[in-house]
file upload_32.pdb (PDB, C-alpha atoms, pLDDT in the B column)
ATOM      1  CA  ILE T 236     284.834 117.975 179.775  1.00 53.00           C
ATOM      2  CA  ARG T 237     283.071 121.077 178.620  1.00 57.00           C
ATOM      3  CA  LEU T 238     284.118 122.838 175.464  1.00 59.00           C
ATOM      4  CA  PRO T 239     282.981 126.447 175.592  1.00 63.00           C
ATOM      5  CA  TRP T 240     282.294 127.678 172.092  1.00 67.00           C
ATOM      6  CA  GLU T 241     280.152 130.583 171.072  1.00 73.00           C
ATOM      7  CA  ILE T 242     278.704 131.914 167.860  1.00 75.00           C
ATOM      8  CA  THR T 243     277.386 135.440 167.985  1.00 76.00           C
ATOM      9  CA  GLU T 244     273.895 136.270 166.795  1.00 74.00           C
ATOM     10  CA  GLU T 245     275.500 138.579 164.231  1.00 77.00           C
ATOM     11  CA  THR T 246     277.233 135.558 162.715  1.00 76.00           C
ATOM     12  CA  LEU T 247     273.927 133.725 162.543  1.00 70.00           C
ATOM     13  CA  ARG T 248     272.268 136.690 160.777  1.00 74.00           C
ATOM     14  CA  GLU T 249     275.058 137.733 158.421  1.00 78.00           C
ATOM     15  CA  ASN T 250     276.540 134.656 156.808  1.00 76.00           C
ATOM     16  CA  ILE T 251     276.731 133.271 153.316  1.00 76.00           C
ATOM     17  CA  GLU T 252     274.703 130.153 154.195  1.00 73.00           C
ATOM     18  CA  GLY T 253     271.612 131.965 155.459  1.00 71.00           C
ATOM     19  CA  GLN T 254     269.226 129.878 157.565  1.00 74.00           C
ATOM     20  CA  ASN T 255     271.170 126.705 156.824  1.00 80.00           C
ATOM     21  CA  PHE T 256     274.159 127.978 158.840  1.00 81.00           C
ATOM     22  CA  GLU T 257     272.949 126.423 162.109  1.00 78.00           C
ATOM     23  CA  THR T 258     272.620 123.013 160.495  1.00 83.00           C
ATOM     24  CA  ILE T 259     276.067 123.259 158.917  1.00 84.00           C
ATOM     25  CA  VAL T 260     277.741 124.254 162.213  1.00 82.00           C
ATOM     26  CA  THR T 261     275.896 121.554 164.164  1.00 81.00           C
ATOM     27  CA  ASN T 262     276.920 118.916 161.606  1.00 87.00           C
ATOM     28  CA  LEU T 263     280.547 120.078 161.792  1.00 86.00           C
ATOM     29  CA  MET T 264     280.501 119.937 165.595  1.00 83.00           C
ATOM     30  CA  THR T 265     278.961 116.462 165.758  1.00 84.00           C
ATOM     31  CA  SER T 266     281.313 115.109 163.069  1.00 88.00           C
ATOM     32  CA  GLN T 267     284.330 116.387 165.003  1.00 86.00           C
ATOM     33  CA  LEU T 268     282.920 114.933 168.221  1.00 82.00           C
ATOM     34  CA  GLY T 269     282.760 111.538 166.481  1.00 85.00           C
ATOM     35  CA  VAL T 270     286.394 111.817 165.362  1.00 87.00           C
ATOM     36  CA  ASP T 271     287.517 112.863 168.843  1.00 85.00           C
ATOM     37  CA  LEU T 272     285.570 110.081 170.560  1.00 85.00           C
ATOM     38  CA  GLU T 273     287.010 107.461 168.186  1.00 88.00           C
ATOM     39  CA  ASP T 274     290.479 108.716 169.120  1.00 86.00           C
ATOM     40  CA  LEU T 275     289.595 108.500 172.818  1.00 85.00           C
ATOM     41  CA  TYR T 276     288.091 105.012 172.525  1.00 88.00           C
ATOM     42  CA  LEU T 277     291.181 103.682 170.745  1.00 90.00           C
ATOM     43  CA  ASN T 278     294.037 105.643 172.300  1.00 85.00           C
ATOM     44  CA  GLY T 279     292.753 106.739 175.712  1.00 84.00           C
ATOM     45  CA  ASP T 280     295.177 106.324 178.604  1.00 84.00           C
ATOM     46  CA  GLU T 281     294.316 107.496 182.101  1.00 81.00           C
ATOM     47  CA  ALA T 282     298.023 107.477 182.992  1.00 82.00           C
ATOM     48  CA  THR T 283     298.911 109.988 180.251  1.00 73.00           C
ATOM     49  CA  ASP T 284     300.540 113.093 181.646  1.00 70.00           C
ATOM     50  CA  SER T 285     302.180 114.904 178.787  1.00 65.00           C
ATOM     51  CA  GLY T 286     301.966 118.333 180.378  1.00 70.00           C
ATOM     52  CA  ASN T 287     300.185 119.462 177.213  1.00 67.00           C
ATOM     53  CA  PRO T 288     296.546 120.408 177.901  1.00 67.00           C
ATOM     54  CA  ASP T 289     295.645 119.435 174.329  1.00 63.00           C
ATOM     55  CA  TYR T 290     296.114 115.787 175.367  1.00 63.00           C
ATOM     56  CA  ASP T 291     294.042 115.979 178.577  1.00 66.00           C
ATOM     57  CA  PHE T 292     291.125 114.587 176.590  1.00 66.00           C
ATOM     58  CA  LEU T 293     292.912 111.225 176.261  1.00 69.00           C
ATOM     59  CA  LYS T 294     293.074 110.886 180.077  1.00 71.00           C
ATOM     60  CA  ILE T 295     289.287 110.424 180.392  1.00 72.00           C
ATOM     61  CA  ASN T 296     289.512 106.621 180.198  1.00 79.00           C
ATOM     62  CA  ASP T 297     291.683 103.764 179.009  1.00 84.00           C
ATOM     63  CA  GLY T 298     291.208 103.006 175.334  1.00 86.00           C
ATOM     64  CA  TRP T 299     290.858  99.675 173.574  1.00 89.00           C
ATOM     65  CA  ILE T 300     294.550  99.539 172.609  1.00 90.00           C
ATOM     66  CA  LYS T 301     295.665  99.796 176.245  1.00 89.00           C
ATOM     67  CA  GLN T 302     293.011  97.316 177.357  1.00 88.00           C
ATOM     68  CA  ILE T 303     294.068  94.815 174.681  1.00 88.00           C
ATOM     69  CA  ALA T 304     297.743  95.250 175.597  1.00 89.00           C
ATOM     70  CA  ASN T 305     296.894  94.452 179.230  1.00 89.00           C
ATOM     71  CA  GLY T 306     294.728  91.389 178.640  1.00 86.00           C
ATOM     72  CA  GLY T 307     294.351  90.455 175.000  1.00 85.00           C
ATOM     73  CA  HIS T 308     296.103  88.132 172.601  1.00 87.00           C
ATOM     74  CA  VAL T 309     299.047  90.193 171.365  1.00 88.00           C
ATOM     75  CA  TYR T 310     301.597  89.466 168.675  1.00 89.00           C
ATOM     76  CA  ASP T 311     304.620  91.776 168.934  1.00 88.00           C
ATOM     77  CA  ALA T 312     306.025  92.246 165.432  1.00 86.00           C
ATOM     78  CA  THR T 313     308.704  94.798 166.340  1.00 81.00           C
ATOM     79  CA  SER T 314     311.437  92.376 165.313  1.00 77.00           C
ATOM     80  CA  GLU T 315     309.980  91.969 161.808  1.00 77.00           C
ATOM     81  CA  GLU T 316     311.069  94.308 159.066  1.00 73.00           C
ATOM     82  CA  GLY T 317     308.270  95.959 157.146  1.00 77.00           C
ATOM     83  CA  MET T 318     305.054  94.477 155.907  1.00 82.00           C
ATOM     84  CA  SER T 319     304.723  90.776 155.177  1.00 85.00           C
ATOM     85  CA  LEU T 320     302.033  88.184 154.731  1.00 86.00           C
ATOM     86  CA  ASP T 321     303.553  86.264 157.644  1.00 89.00           C
ATOM     87  CA  LEU T 322     302.747  89.204 159.930  1.00 89.00           C
ATOM     88  CA  PHE T 323     299.022  88.619 159.450  1.00 91.00           C
ATOM     89  CA  TYR T 324     299.188  84.838 159.803  1.00 92.00           C
ATOM     90  CA  LYS T 325     301.385  85.026 162.921  1.00 91.00           C
ATOM     91  CA  THR T 326     298.949  87.497 164.451  1.00 91.00           C
ATOM     92  CA  LEU T 327     296.033  85.247 163.591  1.00 92.00           C
ATOM     93  CA  ALA T 328     297.859  82.306 165.192  1.00 91.00           C
ATOM     94  CA  GLN T 329     297.804  84.120 168.565  1.00 89.00           C
ATOM     95  CA  LEU T 330     294.007  84.027 168.574  1.00 89.00           C
ATOM     96  CA  PRO T 331     292.109  80.934 169.750  1.00 91.00           C
ATOM     97  CA  ASN T 332     290.124  79.266 166.933  1.00 92.00           C
ATOM     98  CA  LYS T 333     286.789  79.929 168.647  1.00 92.00           C
ATOM     99  CA  TYR T 334     287.177  83.643 167.811  1.00 90.00           C
ATOM    100  CA  ASN T 335     288.047  83.045 164.148  1.00 92.00           C
ATOM    101  CA  ASN T 336     284.403  82.855 163.152  1.00 92.00           C
ATOM    102  CA  GLY T 337     284.128  85.036 160.043  1.00 92.00           C
ATOM    103  CA  LYS T 338     283.336  88.209 161.976  1.00 94.00           C
ATOM    104  CA  LEU T 339     286.934  89.371 162.481  1.00 95.00           C
ATOM    105  CA  ARG T 340     288.336  92.518 160.845  1.00 95.00           C
ATOM    106  CA  TRP T 341     291.836  93.964 160.593  1.00 94.00           C
ATOM    107  CA  LEU T 342     291.784  97.555 161.859  1.00 94.00           C
ATOM    108  CA  MET T 343     294.752  99.590 160.663  1.00 94.00           C
ATOM    109  CA  SER T 344     295.729 103.125 159.786  1.00 94.00           C
ATOM    110  CA  PRO T 345     295.320 104.245 156.166  1.00 94.00           C
ATOM    111  CA  LYS T 346     299.117 104.409 155.834  1.00 94.00           C
ATOM    112  CA  ARG T 347     299.475 100.809 157.041  1.00 92.00           C
ATOM    113  CA  ALA T 348     296.774  99.704 154.550  1.00 91.00           C
ATOM    114  CA  GLN T 349     298.719 101.449 151.781  1.00 91.00           C
ATOM    115  CA  GLU T 350     301.901  99.679 152.888  1.00 90.00           C
ATOM    116  CA  TRP T 351     300.025  96.373 152.566  1.00 89.00           C
ATOM    117  CA  GLU T 352     298.920  97.317 149.056  1.00 87.00           C
ATOM    118  CA  LEU T 353     302.483  98.309 148.105  1.00 88.00           C
ATOM    119  CA  PHE T 354     303.810  95.017 149.496  1.00 87.00           C
ATOM    120  CA  LEU T 355     301.335  93.095 147.321  1.00 85.00           C
ATOM    121  CA  LEU T 356     302.082  95.158 144.242  1.00 84.00           C
ATOM    122  CA  ASN T 357     305.819  94.656 144.623  1.00 85.00           C
ATOM    123  CA  LYS T 358     305.394  90.896 145.013  1.00 81.00           C
ATOM    124  CA  VAL T 359     303.150  90.643 141.958  1.00 80.00           C
ATOM    125  CA  VAL T 360     305.093  93.010 139.706  1.00 77.00           C
ATOM    126  CA  ASN T 361     308.322  91.154 140.433  1.00 79.00           C
ATOM    127  CA  ALA T 362     306.586  87.886 139.529  1.00 76.00           C
ATOM    128  CA  GLY T 363     304.900  89.352 136.438  1.00 75.00           C
ATOM    129  CA  GLY T 364     301.289  88.876 137.561  1.00 72.00           C
ATOM    130  CA  ALA T 365     298.267  90.838 138.728  1.00 71.00           C
ATOM    131  CA  VAL T 366     296.748  91.113 142.206  1.00 69.00           C
ATOM    132  CA  PRO T 367     293.045  90.215 142.424  1.00 68.00           C
ATOM    133  CA  ASP T 368     290.948  92.984 144.001  1.00 65.00           C
ATOM    134  CA  SER T 369     289.706  90.576 146.666  1.00 63.00           C
ATOM    135  CA  VAL T 370     293.227  90.224 148.110  1.00 65.00           C
ATOM    136  CA  TYR T 371     293.858  93.949 148.628  1.00 66.00           C
ATOM    137  CA  ASN T 372     291.400  94.280 151.491  1.00 76.00           C
ATOM    138  CA  SER T 373     291.585  90.830 152.999  1.00 85.00           C
ATOM    139  CA  PRO T 374     294.902  89.492 154.336  1.00 88.00           C
ATOM    140  CA  ALA T 375     294.302  85.889 155.456  1.00 87.00           C
ATOM    141  CA  ARG T 376     290.749  86.192 154.067  1.00 89.00           C
ATOM    142  CA  ILE T 377     289.826  88.769 156.742  1.00 92.00           C
ATOM    143  CA  GLN T 378     288.614  92.180 155.593  1.00 92.00           C
ATOM    144  CA  THR T 379     290.474  95.346 156.560  1.00 92.00           C
ATOM    145  CA  VAL T 380     288.970  98.526 157.945  1.00 93.00           C
ATOM    146  CA  GLU T 381     290.982 101.730 157.712  1.00 93.00           C
ATOM    147  CA  CYS T 382     290.927 103.671 160.957  1.00 92.00           C
ATOM    148  CA  PRO T 383     292.710 107.063 160.910  1.00 92.00           C
ATOM    149  CA  SER T 384     292.868 107.213 164.734  1.00 90.00           C
ATOM    150  CA  LEU T 385     295.206 104.215 164.882  1.00 92.00           C
ATOM    151  CA  ASP T 386     298.921 104.847 164.781  1.00 90.00           C
ATOM    152  CA  ASP T 387     300.940 103.247 162.004  1.00 91.00           C
ATOM    153  CA  SER T 388     302.581 100.709 164.312  1.00 89.00           C
ATOM    154  CA  THR T 389     299.312  99.106 165.453  1.00 91.00           C
ATOM    155  CA  ILE T 390     297.043  96.630 163.708  1.00 92.00           C
ATOM    156  CA  LEU T 391     294.035  95.285 165.585  1.00 93.00           C
ATOM    157  CA  LEU T 392     292.366  91.985 164.762  1.00 93.00           C
ATOM    158  CA  THR T 393     288.916  91.966 166.316  1.00 92.00           C
ATOM    159  CA  ASP T 394     285.213  91.562 165.828  1.00 92.00           C
ATOM    160  CA  PRO T 395     284.084  95.211 165.665  1.00 91.00           C
ATOM    161  CA  LYS T 396     281.005  94.288 167.728  1.00 91.00           C
ATOM    162  CA  ASN T 397     283.380  93.624 170.640  1.00 88.00           C
ATOM    163  CA  LEU T 398     284.495  97.257 170.665  1.00 88.00           C
ATOM    164  CA  ILE T 399     281.843  98.473 173.067  1.00 84.00           C
ATOM    165  CA  VAL T 400     281.470 102.008 174.323  1.00 79.00           C
ATOM    166  CA  VAL T 401     279.544 102.896 177.463  1.00 71.00           C
ATOM    167  CA  ASN T 402     278.750 106.571 177.714  1.00 65.00           C
ATOM    168  CA  THR T 403     277.809 107.907 181.108  1.00 62.00           C
ATOM    169  CA  TYR T 404     277.286 111.464 180.081  1.00 64.00           C
ATOM    170  CA  GLY T 405     275.077 113.493 177.824  1.00 64.00           C
ATOM    171  CA  VAL T 406     276.177 115.618 174.917  1.00 65.00           C
ATOM    172  CA  GLN T 407     274.201 118.805 174.852  1.00 70.00           C
ATOM    173  CA  ILE T 408     274.207 121.619 172.328  1.00 69.00           C
ATOM    174  CA  ARG T 409     272.511 124.671 173.726  1.00 71.00           C
ATOM    175  CA  LYS T 410     271.195 127.508 171.668  1.00 69.00           C
ATOM    176  CA  THR T 411     270.459 130.936 173.082  1.00 67.00           C
ATOM    177  CA  THR T 412     269.582 134.196 171.368  1.00 67.00           C
ATOM    178  CA  GLU T 413     271.306 136.538 173.784  1.00 65.00           C
ATOM    179  CA  GLY T 414     273.141 139.607 172.515  1.00 53.00           C
TER
END
call {"tool": "encode", "arguments": {"input": "upload_32.pdb", "output": "structure tokens"}}
result
Amino acid sequence: IRLPWEITEETLRENIEGQNFETIVTNLMTSQLGVDLEDLYLNGDEATDSGNPDYDFLKINDGWIKQIANGGHVYDATSEEGMSLDLFYKTLAQLPNKYNNGKLRWLMSPKRAQEWELFLLNKVVNAGGAVPDSVYNSPARIQTVECPSLDDSTILLTDPKNLIVVNTYGVQIRKTTEG
């Protein structure tokens, strides 16, 4: 995929940032590339055909969510209502003990992490206590990682080192001083 994008030399000369403008634009471009690639790695689906060219990017390869659904240990919690502590323990029960080695992390959307926090707060407030900070980010003693590219209905339990990306292309930013 090639994304044609041009900045005129006039923009480079006449901007509020001066000589730092190139660095700022390059940093913005590489940051957005990182966000887009994370989305692709998680949500990619070669079978996607939405008819919307904005989603063609997700057809480059199958993402981790699709790969896990086709061959991983999956706990389907669609029958459960809302957030619960049981959700995490039932998910953990699907995983063989050999993988529960202290390296696992819960990957979830920021909204899902906030739902977990609200669940804890409601339980504690109703019982008249306080939630220790260590519990907020560690259901079943496993740390959480917020991942904005995940949808709110998905929680991944994995060792982040198992989420491997193989790039077979080069990212190039070319600079010319043509008119």
call {"tool": "residues_around", "arguments": {"input": "upload_32.pdb", "residues": "Asp394 of chain T", "least_positions_apart": "3", "cutoff": "8 Å", "atoms": "all atoms listed in the file", "output": "PyMOL selection string"}}
result
chain T and resi 338-340+397-398
call {"tool": "resolve_selection", "arguments": {"input": "upload_32.pdb", "expression": "the PyMOL selection byres ((chain T and resi 273) around 10)", "output": "list in words"}}
result
Gln267, Leu268, Gly269, Val270, Asp271, Leu272, Asp274, Leu275, Tyr276, Leu277, Asn278, Gly279, Gly298, Cys382, Pro383, Ser384, Leu385 and Val400 of chain T
call {"tool": "atom_distance", "arguments": {"input": "upload_32.pdb", "atom1": "atom CA of Tyr334 of chain T", "atom2": "atom CA of Leu392 of chain T"}}
result
10.3 Å
call {"tool": "atom_distance", "arguments": {"input": "upload_32.pdb", "atom1": "atom CA of Gly317 of chain T", "atom2": "atom CA of Asn305 of chain T"}}
result
24.9 Å
call {"tool": "residues_around", "arguments": {"input": "upload_32.pdb", "residues": "Lys346 of chain T", "least_positions_apart": "4", "cutoff": "12 Å", "atoms": "only C-alpha atoms", "output": "list of chain:residue names"}}
result
T:Met318, T:Leu342, T:Glu350, T:Trp351, T:Glu352, T:Leu353, T:Val380, T:Glu381, T:Cys382, T:Pro383, T:Ser384, T:Leu385, T:Asp386, T:Asp387, T:Ser388, T:Thr389, T:Ile390
call {"tool": "atom_distance", "arguments": {"input": "upload_32.pdb", "atom1": "atom CA of Thr393 of chain T", "atom2": "atom CA of Ala328 of chain T"}}
result
13.2 Å
call {"tool": "closest_residue", "arguments": {"input": "upload_32.pdb", "among": "T:Glu281, T:Ile295, T:Val260, T:Thr379", "to": "Gln349 of chain T", "atoms": "all atoms listed in the file"}}
result
T:Thr379
call {"tool": "resolve_selection", "arguments": {"input": "upload_32.pdb", "expression": "the PyMOL selection byres ((chain T and resi 324) around 12)", "output": "ChimeraX atom specification"}}
result
/T:310,312,318-323,325-330,341,373-377,392
call {"tool": "axis_aligned_box", "arguments": {"input": "upload_32.pdb", "around": "segment 276-287 of chain T", "padding_each_side": "4 Å", "output": "AutoDock Vina command-line options"}}
result
--center_x 295.1 --center_y 111.6 --center_z 176.9 --size_x 22.1 --size_y 23.8 --size_z 20.2
call {"tool": "closest_residue", "arguments": {"input": "upload_32.pdb", "among": "T:Ala282, T:Leu391, T:Val401, T:Ala362", "to": "Met343 of chain T", "atoms": "only C-alpha atoms"}}
result
T:Leu391
